[in-house]
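Single-structure report; data block below.
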There are 2 protein chains.
Amino acid sequence: MRLVVIGFGVVGQSFAKLLISRSADLYRLYGVNPRIVACIDSCGYAVSATGLDLQRLLNAKKLSGTVGAYDKENRKFDPLRLIEKVDAEMLLELTPTNLDNGEPGISNIIAAMKSGKHVITVNKGPLALAFPSLLELANYNNIKLRFSGTVGGGTPILEFAKRCLKGDSIMSFQGILNGTTNYILSKMEEGLTFEDALNDAKYKGYAEAVPFLDVDGFDAAAKLVIMANWIMGMKVTIKDVNRRGISGVSLADVRRAHKRGNAIKLIATCDDKQLDVKPTELSNVDPICVNGTLNAVTFSSEQSGEHTIIGQGAGGIPTASAVLRDLIDIRNTIFEQRENL
Amino acid sequence: MRLVVIGFGVVGQSFAKLLISRSADLYRLYGVNPRIVACIDSCGYAVSATGLDLQRLLNAKKLSGTVGAYDKENRKFDPLRLIEKVDAEMLLELTPTNLDNGEPGISNIIAAMKSGKHVITVNKGPLALAFPSLLELANYNNIKLRFSGTVGGGTPILEFAKRCLKGDSIMSFQGILNGTTNYILSKMEEGLTFEDALNDAKYKGYAEAVPFLDVDGFDAAAKLVIMANWIMGMKVTIKDVNRRGISGVSLADVRRAHKRGNAIKLIATCDDKQLDVKPTELSNVDPICVNGTLNAVTFSSEQSGEHTIIGQGAGGIPTASAVLRDLIDIRNTIFEQRENL
């Protein structure tokens, strides 16, 4: 399995490390032998038809800030042309999320699909803005598109919903999809003001310097859109979400809720008709009422009742392990389809 | 898909109701068309080569207490001979759990395997006492053995562990596997003594008249054994579990824990070397620290961190939906294998 990797930040580097440590296991247990034949970041690229030396690639990135340093010459390039021209079976699209126009993710994904490459992405932008059309393009080109790492980091929330409830139907779901806001609200329960809790989250590295994507609910809304499309078969984009962030939640609100045995959480809800992200008061004994940076989702099914899944919603190695799961899944799906011909 | 059903209590009847309501969906979505060609309970049986009329079967059971009333004559019978002789692809073994010797479940399962029938069971007895040998027998006869409903009722705990963490490894797990004891301990947190909480659980129908299977941790131990074999590849039986129940937990213990922000739960633990079931003090903010009759399990994985899954651990329709999931899974597995030949 030959891979093109675009974006070589925390997740990309973690994925390379996973491949180094797990390659023997992967072949033995799953019959996959992934090789990165091209790696592209914003400043350069590296290619090798037989597979890049991953340790050397990691060193180049660490020492020079770009994978372009893997070889001396590879500086001038057009990433879309590279994606199209490199002989490979799959693109890993690991560039940062952009919820304004989805770029460069959308163009990268389309270039891969049009040149017959399956796509795994951890980039929420393209899916939040254009899920229905990207899925249609994938189907039209007979391409597999997978994105487990976009929701829940390494926690297999999407897989759980798709694979573990066969013969049953999910009627609705709700959950905490953003770890940063959950951390802030948890700290407010401990007595910090919103501002102090936000600064603490920044200090710990949970919140960005410009934190509005988390705080105003955009990140949770993007994940909600991905889940609604993939799990519920809805055809929606981020514009269809009624969204309210947590900046209006005061310490007094949190304290009042606490006195009632409740907590305020930023809850994303999908009930098959409506998509909402908003601060919501929950009972402390509700299974999704988790603290810190945890994510949690409760699925309400027709026959088997409510199921809650909880895990860390972020992290380099966990999210890279979601990419690896997608890779194994695509490999298995292709093999099954071939045998069905 | 022709089924023999043995045991027609709450789960069996719920399964028949599910088939009545979902048959069109099942064919459309999963290509399965399950027909019950024989149904056996402790007092009689009913057979039909083209499939029993399920509403008539449910009525016979309701009015006469046995499926033998479906036809007037079918009273004298040998269940094992019936399982062997009836032309069918699968046995649903739904008789009650017996942790002394696993019967009649073990004999039913062996009779089915030896006559070439796949087996789905919700009976913990055979698996708790003889998982390694039953799995070996299944493999030897090229038979699929599935048992999702034995752990977590309708909550897909076994499937989650097997299907949602491909490419990762589960290192250990722990959880609340018995809803009755969790209900009792939750009531003790509200101030009831152990005796009063147990009586309340009996009154609500959560605890049996002779409740030692739950209270002394046998039920949790049986489930732990099933998980350890299936998820961790251990070869263990219920004798390998260090087991202590909750009857020694006093109201004073519960109150002391509560003051520390903790709760006492009956926790089953598997760490790849040791199997324990014992009352354990947990932080209230631990995701598995759930109340009422809920079950909860946390899996610790090598790469993607900790994942917790929470749900109701019992119920007729939920457990029947686990049987249905197993049926779809066996159908898919058989078809994949055929295509691999």
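Residues are referred to by chain and number: the chain letter is A, B, ... according to the order shown in the structure tokens, the number counts from 1 in that chain, and ligands are numbered separately from 1 in the order shown.
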
* For chain B, work out the contacting residues on chain A at 8 Å, counting only C-alpha atoms, and write them as a PyMOL selection string. => chain A and resi 26+30+154-156+159-160+163-168+285+287+290-291+303-312+317-319+321-322+324-325+328+336+339-340

Write a file of the just-selected residues containing C-alpha atoms, as a PDB file, in the first residue's frame.
```
ATOM      1  CA  LEU A  26       0.603  -4.726  10.632  1.00  0.00           C
ATOM      2  CA  TYR A  30      -3.741  -7.357   8.782  1.00  0.00           C
ATOM      3  CA  GLY A 154      -8.403   8.158  18.749  1.00  0.00           C
ATOM      4  CA  THR A 155     -11.787   7.232  20.238  1.00  0.00           C
ATOM      5  CA  PRO A 156     -13.664   5.193  17.618  1.00  0.00           C
ATOM      6  CA  GLU A 159     -16.837   3.188  13.909  1.00  0.00           C
ATOM      7  CA  PHE A 160     -18.894   2.340  16.968  1.00  0.00           C
ATOM      8  CA  ARG A 163     -20.235  -1.213  12.989  1.00  0.00           C
ATOM      9  CA  CYS A 164     -21.502  -2.147  16.420  1.00  0.00           C
ATOM     10  CA  LEU A 165     -25.249  -1.703  15.984  1.00  0.00           C
ATOM     11  CA  LYS A 166     -26.037  -3.776  12.889  1.00  0.00           C
ATOM     12  CA  GLY A 167     -29.704  -4.706  12.682  1.00  0.00           C
ATOM     13  CA  ASP A 168     -30.584  -1.791  14.975  1.00  0.00           C
ATOM     14  CA  VAL A 285     -25.054  11.345  36.895  1.00  0.00           C
ATOM     15  CA  PRO A 287     -22.982   9.211  31.580  1.00  0.00           C
ATOM     16  CA  VAL A 290     -17.597  13.863  31.889  1.00  0.00           C
ATOM     17  CA  ASN A 291     -14.908  16.307  32.974  1.00  0.00           C
ATOM     18  CA  GLN A 303     -33.968  -1.591  20.045  1.00  0.00           C
ATOM     19  CA  SER A 304     -30.929  -1.733  22.275  1.00  0.00           C
ATOM     20  CA  GLY A 305     -31.369   1.475  24.243  1.00  0.00           C
ATOM     21  CA  GLU A 306     -28.753   4.115  24.937  1.00  0.00           C
ATOM     22  CA  HIS A 307     -25.027   3.537  24.510  1.00  0.00           C
ATOM     23  CA  THR A 308     -22.378   5.991  25.632  1.00  0.00           C
ATOM     24  CA  ILE A 309     -18.793   6.053  24.472  1.00  0.00           C
ATOM     25  CA  ILE A 310     -16.174   8.163  26.240  1.00  0.00           C
ATOM     26  CA  GLY A 311     -12.536   8.867  25.471  1.00  0.00           C
ATOM     27  CA  GLN A 312      -9.843  11.456  24.965  1.00  0.00           C
ATOM     28  CA  ILE A 317      -0.587   9.106  18.633  1.00  0.00           C
ATOM     29  CA  PRO A 318      -4.312   8.446  19.320  1.00  0.00           C
ATOM     30  CA  THR A 319      -5.348  10.372  16.203  1.00  0.00           C
ATOM     31  CA  SER A 321      -4.018   5.320  15.391  1.00  0.00           C
ATOM     32  CA  ALA A 322      -7.394   6.383  13.957  1.00  0.00           C
ATOM     33  CA  LEU A 324      -4.166   3.481  10.868  1.00  0.00           C
ATOM     34  CA  ARG A 325      -7.615   1.991  11.581  1.00  0.00           C
ATOM     35  CA  ILE A 328      -6.829  -1.230   7.577  1.00  0.00           C
ATOM     36  CA  GLU A 336     -14.040  -7.772   0.009  1.00  0.00           C
ATOM     37  CA  GLU A 339     -13.956 -10.896  -4.199  1.00  0.00           C
ATOM     38  CA  ASN A 340     -17.556  -9.881  -4.795  1.00  0.00           C
TER      39      ASN A 340
END
```

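By chain and then residue number, the residues within 8 Å of B:Asn141 are Met113, Lys114 and Gly116 of chain B, counting only C-alpha atoms and disregarding those fewer than 6 positions away in sequence.
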
Residues from the last selection, C-alpha atoms, saved as an mmCIF file, in the first residue's frame:
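Wrote it out as part-v2.cif, contents follow:
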```cif
data_model
loop_
_atom_site.group_PDB
_atom_site.id
_atom_site.type_symbol
_atom_site.label_atom_id
_atom_site.label_comp_id
_atom_site.auth_asym_id
_atom_site.auth_seq_id
_atom_site.Cartn_x
_atom_site.Cartn_y
_atom_site.Cartn_z
ATOM 1 C CA MET B 113 -21.914 -27.897 16.344
ATOM 2 C CA LYS B 114 -21.636 -31.621 15.678
ATOM 3 C CA GLY B 116 -23.000 -28.495 11.423
#
```

* Running DSSP on the backbone, which parts of stretch 213-276 of chain B land in strand (DSSP E or B), as a ChimeraX atom specification? -> /B:241-243,262-270,275-276

Filtering to N, CA and C atoms, could you give me those residues as a tab-separated table (two decimals), in the first residue's frame?
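The result, stored in again.tsv:
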```tsv
chain	number	residue	atom	x	y	z
B	241	VAL	N	-10.94	-16.91	38.22
B	241	VAL	CA	-11.26	-15.55	38.67
B	241	VAL	C	-11.15	-15.46	40.19
B	242	ASN	N	-10.39	-14.47	40.68
B	242	ASN	CA	-10.41	-14.12	42.11
B	242	ASN	C	-11.68	-13.32	42.35
B	243	ARG	N	-12.61	-13.88	43.10
B	243	ARG	CA	-13.94	-13.31	43.16
B	243	ARG	C	-14.34	-12.98	44.60
B	262	ASN	N	-15.73	9.50	46.44
B	262	ASN	CA	-15.63	8.21	45.75
B	262	ASN	C	-16.92	7.41	45.90
B	263	ALA	N	-16.94	6.26	45.21
B	263	ALA	CA	-18.06	5.33	45.37
B	263	ALA	C	-17.49	3.92	45.32
B	264	ILE	N	-18.17	2.98	46.00
B	264	ILE	CA	-17.75	1.58	45.95
B	264	ILE	C	-18.56	0.87	44.86
B	265	LYS	N	-17.86	0.23	43.95
B	265	LYS	CA	-18.49	-0.47	42.84
B	265	LYS	C	-17.94	-1.88	42.77
B	266	LEU	N	-18.75	-2.82	42.27
B	266	LEU	CA	-18.24	-4.17	42.04
B	266	LEU	C	-17.51	-4.16	40.69
B	267	ILE	N	-16.18	-4.17	40.75
B	267	ILE	CA	-15.37	-3.98	39.54
B	267	ILE	C	-14.72	-5.29	39.11
B	268	ALA	N	-14.89	-5.59	37.84
B	268	ALA	CA	-14.21	-6.74	37.23
B	268	ALA	C	-13.00	-6.20	36.47
B	269	THR	N	-11.84	-6.85	36.67
B	269	THR	CA	-10.60	-6.36	36.08
B	269	THR	C	-9.88	-7.49	35.36
B	270	CYS	N	-9.35	-7.18	34.19
B	270	CYS	CA	-8.50	-8.13	33.46
B	270	CYS	C	-7.27	-7.38	33.00
B	275	LEU	N	-7.39	-12.11	36.75
B	275	LEU	CA	-8.81	-11.78	36.64
B	275	LEU	C	-9.37	-11.59	38.04
B	276	ASP	N	-9.93	-10.41	38.29
B	276	ASP	CA	-10.47	-10.10	39.62
B	276	ASP	C	-11.89	-9.57	39.50
```

* Asked: Out of A:Phe194, A:Arg56, A:Phe147, A:Arg2, which residue has the shortest atom-to-atom distance to A:Val37 when counting only C-alpha atoms?
  -> A:Arg2

All residues 6 Å or closer to stretch 228-239 of chain B, only C-alpha atoms, same chain fewer than 3 positions away omitted, as an mmCIF file with C-alpha atoms, in the first residue's frame:
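This is the output file out-v3.cif:
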```
data_model
loop_
_atom_site.group_PDB
_atom_site.id
_atom_site.type_symbol
_atom_site.label_atom_id
_atom_site.label_comp_id
_atom_site.auth_asym_id
_atom_site.auth_seq_id
_atom_site.Cartn_x
_atom_site.Cartn_y
_atom_site.Cartn_z
ATOM 1 C CA ALA B 128 -17.897 -19.375 31.728
ATOM 2 C CA LEU B 129 -17.154 -23.049 32.345
ATOM 3 C CA PRO B 132 -11.607 -22.626 25.445
ATOM 4 C CA ALA B 222 -18.765 -15.261 34.107
ATOM 5 C CA VAL B 225 -14.204 -14.865 31.612
#
```

Check stretch 54-281 of chain A with DSSP on the backbone and list each residue it calls alpha helix (DSSP H), as a short mmCIF file (atom, residue, chain, number, x, y, z; two decimals) with N, CA and C atoms, in the first residue's frame.
```cif
data_model
loop_
_atom_site.label_atom_id
_atom_site.label_comp_id
_atom_site.auth_asym_id
_atom_site.auth_seq_id
_atom_site.Cartn_x
_atom_site.Cartn_y
_atom_site.Cartn_z
N LEU A 54 11.53 6.45 7.04
CA LEU A 54 10.68 7.27 7.92
C LEU A 54 11.48 7.96 9.02
N GLN A 55 12.51 7.30 9.52
CA GLN A 55 13.31 7.94 10.56
C GLN A 55 14.05 9.15 9.99
N ARG A 56 14.56 8.98 8.79
CA ARG A 56 15.25 10.10 8.13
C ARG A 56 14.27 11.24 7.86
N LEU A 57 13.04 10.89 7.48
CA LEU A 57 12.00 11.89 7.22
C LEU A 57 11.68 12.67 8.50
N LEU A 58 11.54 11.95 9.61
CA LEU A 58 11.27 12.60 10.90
C LEU A 58 12.43 13.51 11.31
N ASN A 59 13.65 13.03 11.08
CA ASN A 59 14.82 13.84 11.41
C ASN A 59 14.87 15.12 10.58
N ALA A 60 14.58 14.97 9.28
CA ALA A 60 14.60 16.14 8.40
C ALA A 60 13.61 17.19 8.89
N LYS A 61 12.40 16.73 9.24
CA LYS A 61 11.37 17.65 9.72
C LYS A 61 11.81 18.33 11.01
N LYS A 62 12.40 17.53 11.90
CA LYS A 62 12.79 18.05 13.21
C LYS A 62 13.92 19.09 13.09
N LEU A 63 14.90 18.76 12.24
CA LEU A 63 16.08 19.62 12.15
C LEU A 63 15.83 20.86 11.30
N SER A 64 15.06 20.68 10.20
CA SER A 64 14.94 21.79 9.25
C SER A 64 13.54 22.37 9.19
N PRO A 79 1.79 21.16 -4.94
CA PRO A 79 1.31 19.99 -4.21
C PRO A 79 0.21 19.21 -4.94
N LEU A 80 -0.70 19.94 -5.61
CA LEU A 80 -1.80 19.24 -6.29
C LEU A 80 -1.28 18.36 -7.43
N ARG A 81 -0.26 18.89 -8.15
CA ARG A 81 0.31 18.12 -9.24
C ARG A 81 1.03 16.89 -8.69
N LEU A 82 1.71 17.07 -7.56
CA LEU A 82 2.38 15.94 -6.91
C LEU A 82 1.37 14.85 -6.52
N ILE A 83 0.29 15.28 -5.88
CA ILE A 83 -0.74 14.31 -5.46
C ILE A 83 -1.24 13.52 -6.66
N GLU A 84 -1.46 14.24 -7.76
CA GLU A 84 -1.99 13.57 -8.95
C GLU A 84 -0.99 12.63 -9.60
N LYS A 85 0.27 13.07 -9.65
CA LYS A 85 1.24 12.35 -10.48
C LYS A 85 1.92 11.19 -9.77
N GLY A 105 -7.36 21.55 2.13
CA GLY A 105 -7.85 20.18 2.21
C GLY A 105 -8.74 19.76 1.05
N ILE A 106 -9.73 20.61 0.72
CA ILE A 106 -10.70 20.21 -0.32
C ILE A 106 -9.98 19.94 -1.64
N SER A 107 -9.09 20.86 -2.04
CA SER A 107 -8.39 20.66 -3.32
C SER A 107 -7.52 19.42 -3.28
N ASN A 108 -6.86 19.19 -2.15
CA ASN A 108 -6.03 17.98 -2.03
C ASN A 108 -6.86 16.72 -2.20
N ILE A 109 -8.00 16.69 -1.53
CA ILE A 109 -8.85 15.50 -1.57
C ILE A 109 -9.39 15.27 -2.98
N ILE A 110 -9.83 16.35 -3.62
CA ILE A 110 -10.37 16.20 -4.98
C ILE A 110 -9.28 15.73 -5.95
N ALA A 111 -8.07 16.31 -5.80
CA ALA A 111 -6.96 15.89 -6.68
C ALA A 111 -6.68 14.39 -6.51
N ALA A 112 -6.73 13.92 -5.26
CA ALA A 112 -6.48 12.49 -5.01
C ALA A 112 -7.57 11.63 -5.63
N MET A 113 -8.81 12.00 -5.40
CA MET A 113 -9.92 11.19 -5.91
C MET A 113 -9.89 11.12 -7.43
N LYS A 114 -9.63 12.28 -8.06
CA LYS A 114 -9.64 12.30 -9.52
C LYS A 114 -8.50 11.50 -10.11
N LYS A 124 -11.15 18.45 9.43
CA LYS A 124 -12.60 18.60 9.52
C LYS A 124 -13.16 19.58 8.49
N GLY A 125 -12.31 20.50 8.02
CA GLY A 125 -12.79 21.57 7.13
C GLY A 125 -13.54 21.07 5.91
N PRO A 126 -12.89 20.25 5.08
CA PRO A 126 -13.57 19.79 3.86
C PRO A 126 -14.90 19.09 4.14
N LEU A 127 -14.93 18.29 5.21
CA LEU A 127 -16.14 17.52 5.51
C LEU A 127 -17.24 18.40 6.09
N ALA A 128 -16.84 19.38 6.92
CA ALA A 128 -17.85 20.26 7.52
C ALA A 128 -18.51 21.14 6.47
N LEU A 129 -17.74 21.49 5.43
CA LEU A 129 -18.26 22.42 4.42
C LEU A 129 -18.86 21.71 3.22
N ALA A 130 -18.42 20.48 2.96
CA ALA A 130 -18.82 19.87 1.68
C ALA A 130 -18.96 18.36 1.76
N PHE A 131 -19.39 17.83 2.91
CA PHE A 131 -19.48 16.38 3.05
C PHE A 131 -20.31 15.74 1.95
N PRO A 132 -21.55 16.21 1.70
CA PRO A 132 -22.36 15.49 0.71
C PRO A 132 -21.69 15.42 -0.66
N SER A 133 -21.08 16.52 -1.11
CA SER A 133 -20.51 16.49 -2.46
C SER A 133 -19.21 15.69 -2.50
N LEU A 134 -18.42 15.72 -1.43
CA LEU A 134 -17.19 14.91 -1.41
C LEU A 134 -17.53 13.42 -1.41
N LEU A 135 -18.56 13.04 -0.67
CA LEU A 135 -18.94 11.62 -0.65
C LEU A 135 -19.46 11.19 -2.02
N GLU A 136 -20.19 12.08 -2.67
CA GLU A 136 -20.69 11.76 -4.01
C GLU A 136 -19.53 11.59 -4.98
N LEU A 137 -18.55 12.50 -4.89
CA LEU A 137 -17.37 12.40 -5.77
C LEU A 137 -16.61 11.10 -5.50
N ALA A 138 -16.50 10.74 -4.23
CA ALA A 138 -15.82 9.48 -3.88
C ALA A 138 -16.55 8.30 -4.50
N ASN A 139 -17.86 8.27 -4.35
CA ASN A 139 -18.62 7.14 -4.90
C ASN A 139 -18.53 7.10 -6.42
N TYR A 140 -18.60 8.28 -7.03
CA TYR A 140 -18.54 8.35 -8.49
C TYR A 140 -17.22 7.80 -9.01
N ILE A 157 -15.54 6.71 17.73
CA ILE A 157 -16.96 7.07 17.84
C ILE A 157 -17.69 6.75 16.54
N LEU A 158 -17.10 7.14 15.41
CA LEU A 158 -17.77 6.88 14.12
C LEU A 158 -17.88 5.38 13.86
N GLU A 159 -16.80 4.63 14.14
CA GLU A 159 -16.84 3.19 13.91
C GLU A 159 -17.86 2.51 14.79
N PHE A 160 -17.92 2.93 16.06
CA PHE A 160 -18.89 2.34 16.97
C PHE A 160 -20.29 2.44 16.37
N ALA A 161 -20.63 3.63 15.91
CA ALA A 161 -21.99 3.84 15.40
C ALA A 161 -22.24 3.05 14.13
N LYS A 162 -21.22 2.92 13.27
CA LYS A 162 -21.42 2.24 11.99
C LYS A 162 -21.36 0.73 12.10
N ARG A 163 -20.55 0.21 13.02
CA ARG A 163 -20.23 -1.21 12.99
C ARG A 163 -20.82 -2.03 14.11
N GLY A 179 -12.99 18.96 23.42
CA GLY A 179 -12.30 18.80 24.70
C GLY A 179 -11.91 20.11 25.34
N THR A 180 -11.58 21.12 24.51
CA THR A 180 -11.12 22.40 25.05
C THR A 180 -12.22 23.08 25.86
N THR A 181 -13.41 23.18 25.26
CA THR A 181 -14.51 23.83 25.99
C THR A 181 -14.91 23.00 27.20
N ASN A 182 -14.79 21.68 27.10
CA ASN A 182 -15.13 20.86 28.26
C ASN A 182 -14.14 21.12 29.40
N TYR A 183 -12.87 21.32 29.04
CA TYR A 183 -11.86 21.64 30.04
C TYR A 183 -12.19 22.98 30.71
N ILE A 184 -12.54 23.97 29.89
CA ILE A 184 -12.85 25.30 30.43
C ILE A 184 -14.05 25.23 31.38
N LEU A 185 -15.11 24.55 30.95
CA LEU A 185 -16.31 24.45 31.79
C LEU A 185 -16.02 23.66 33.07
N SER A 186 -15.16 22.63 32.97
CA SER A 186 -14.79 21.86 34.18
C SER A 186 -14.03 22.74 35.16
N LYS A 187 -13.13 23.58 34.63
CA LYS A 187 -12.37 24.49 35.50
C LYS A 187 -13.29 25.52 36.14
N MET A 188 -14.32 25.96 35.38
CA MET A 188 -15.28 26.92 35.96
C MET A 188 -16.05 26.26 37.11
N GLU A 189 -16.32 24.98 36.99
CA GLU A 189 -16.96 24.24 38.10
C GLU A 189 -16.08 24.26 39.34
N PHE A 194 -14.55 32.37 33.45
CA PHE A 194 -14.35 31.95 32.06
C PHE A 194 -12.98 32.39 31.55
N GLU A 195 -12.62 33.66 31.81
CA GLU A 195 -11.34 34.19 31.32
C GLU A 195 -10.16 33.41 31.90
N ASP A 196 -10.19 33.18 33.22
CA ASP A 196 -9.09 32.45 33.86
C ASP A 196 -9.01 31.01 33.36
N ALA A 197 -10.18 30.39 33.18
CA ALA A 197 -10.20 29.00 32.70
C ALA A 197 -9.65 28.93 31.28
N LEU A 198 -10.03 29.93 30.45
CA LEU A 198 -9.52 29.97 29.07
C LEU A 198 -8.01 30.14 29.07
N ASN A 199 -7.51 31.05 29.91
CA ASN A 199 -6.06 31.25 29.97
C ASN A 199 -5.34 29.99 30.44
N ASP A 200 -5.95 29.28 31.39
CA ASP A 200 -5.37 28.03 31.86
C ASP A 200 -5.32 27.00 30.72
N ALA A 201 -6.41 26.96 29.94
CA ALA A 201 -6.44 26.02 28.80
C ALA A 201 -5.37 26.38 27.77
N LYS A 202 -5.16 27.68 27.57
CA LYS A 202 -4.09 28.11 26.64
C LYS A 202 -2.73 27.69 27.17
N TYR A 203 -2.54 27.91 28.46
CA TYR A 203 -1.26 27.59 29.11
C TYR A 203 -0.95 26.09 29.00
N PHE A 212 -11.42 31.00 19.08
CA PHE A 212 -12.87 31.07 18.79
C PHE A 212 -13.41 29.79 18.15
N LEU A 213 -12.57 29.03 17.42
CA LEU A 213 -13.07 27.81 16.80
C LEU A 213 -13.62 26.84 17.85
N ASP A 214 -12.91 26.75 18.97
CA ASP A 214 -13.40 25.91 20.06
C ASP A 214 -14.51 26.61 20.85
N VAL A 215 -14.18 27.82 21.35
CA VAL A 215 -15.06 28.50 22.31
C VAL A 215 -16.42 28.83 21.71
N PHE A 218 -17.55 26.16 16.87
CA PHE A 218 -17.35 25.77 15.47
C PHE A 218 -16.78 24.35 15.35
N ASP A 219 -15.81 24.03 16.20
CA ASP A 219 -15.20 22.70 16.15
C ASP A 219 -16.24 21.62 16.44
N ALA A 220 -17.04 21.82 17.48
CA ALA A 220 -18.09 20.84 17.80
C ALA A 220 -19.10 20.75 16.67
N ALA A 221 -19.44 21.90 16.06
CA ALA A 221 -20.40 21.90 14.95
C ALA A 221 -19.86 21.12 13.76
N ALA A 222 -18.56 21.28 13.48
CA ALA A 222 -17.96 20.55 12.35
C ALA A 222 -18.05 19.04 12.59
N LYS A 223 -17.76 18.61 13.80
CA LYS A 223 -17.83 17.18 14.12
C LYS A 223 -19.27 16.68 14.06
N LEU A 224 -20.19 17.51 14.52
CA LEU A 224 -21.61 17.13 14.48
C LEU A 224 -22.06 16.90 13.04
N VAL A 225 -21.60 17.77 12.14
CA VAL A 225 -21.95 17.64 10.72
C VAL A 225 -21.40 16.32 10.15
N ILE A 226 -20.17 16.01 10.51
CA ILE A 226 -19.56 14.77 10.02
C ILE A 226 -20.36 13.56 10.51
N MET A 227 -20.73 13.57 11.79
CA MET A 227 -21.50 12.45 12.35
C MET A 227 -22.89 12.36 11.72
N ALA A 228 -23.53 13.51 11.53
CA ALA A 228 -24.90 13.50 10.98
C ALA A 228 -24.91 12.93 9.57
N ASN A 229 -23.91 13.30 8.77
CA ASN A 229 -23.82 12.76 7.41
C ASN A 229 -23.53 11.27 7.42
N TRP A 230 -22.51 10.89 8.18
CA TRP A 230 -21.98 9.52 8.09
C TRP A 230 -22.86 8.51 8.81
N ILE A 231 -23.39 8.91 9.98
CA ILE A 231 -24.14 7.96 10.81
C ILE A 231 -25.62 8.00 10.48
N MET A 232 -26.16 9.22 10.29
CA MET A 232 -27.61 9.34 10.11
C MET A 232 -28.00 9.47 8.64
N LEU A 251 -19.79 32.32 35.59
CA LEU A 251 -19.50 31.53 36.78
C LEU A 251 -20.78 31.35 37.62
N ALA A 252 -21.64 32.37 37.62
CA ALA A 252 -22.90 32.27 38.38
C ALA A 252 -23.80 31.18 37.79
N ASP A 253 -23.85 31.10 36.45
CA ASP A 253 -24.64 30.03 35.80
C ASP A 253 -24.14 28.66 36.24
N VAL A 254 -22.81 28.51 36.20
CA VAL A 254 -22.21 27.22 36.55
C VAL A 254 -22.52 26.86 38.01
N ARG A 255 -22.44 27.86 38.88
CA ARG A 255 -22.70 27.62 40.30
C ARG A 255 -24.16 27.25 40.56
N ARG A 256 -25.07 27.95 39.88
CA ARG A 256 -26.50 27.63 40.03
C ARG A 256 -26.77 26.19 39.61
N ALA A 257 -26.19 25.80 38.47
CA ALA A 257 -26.37 24.42 37.99
C ALA A 257 -25.80 23.42 38.99
N HIS A 258 -24.62 23.75 39.51
CA HIS A 258 -23.95 22.86 40.46
C HIS A 258 -24.82 22.61 41.69
N LYS A 259 -25.49 23.66 42.16
CA LYS A 259 -26.36 23.52 43.34
C LYS A 259 -27.51 22.55 43.08
#
```
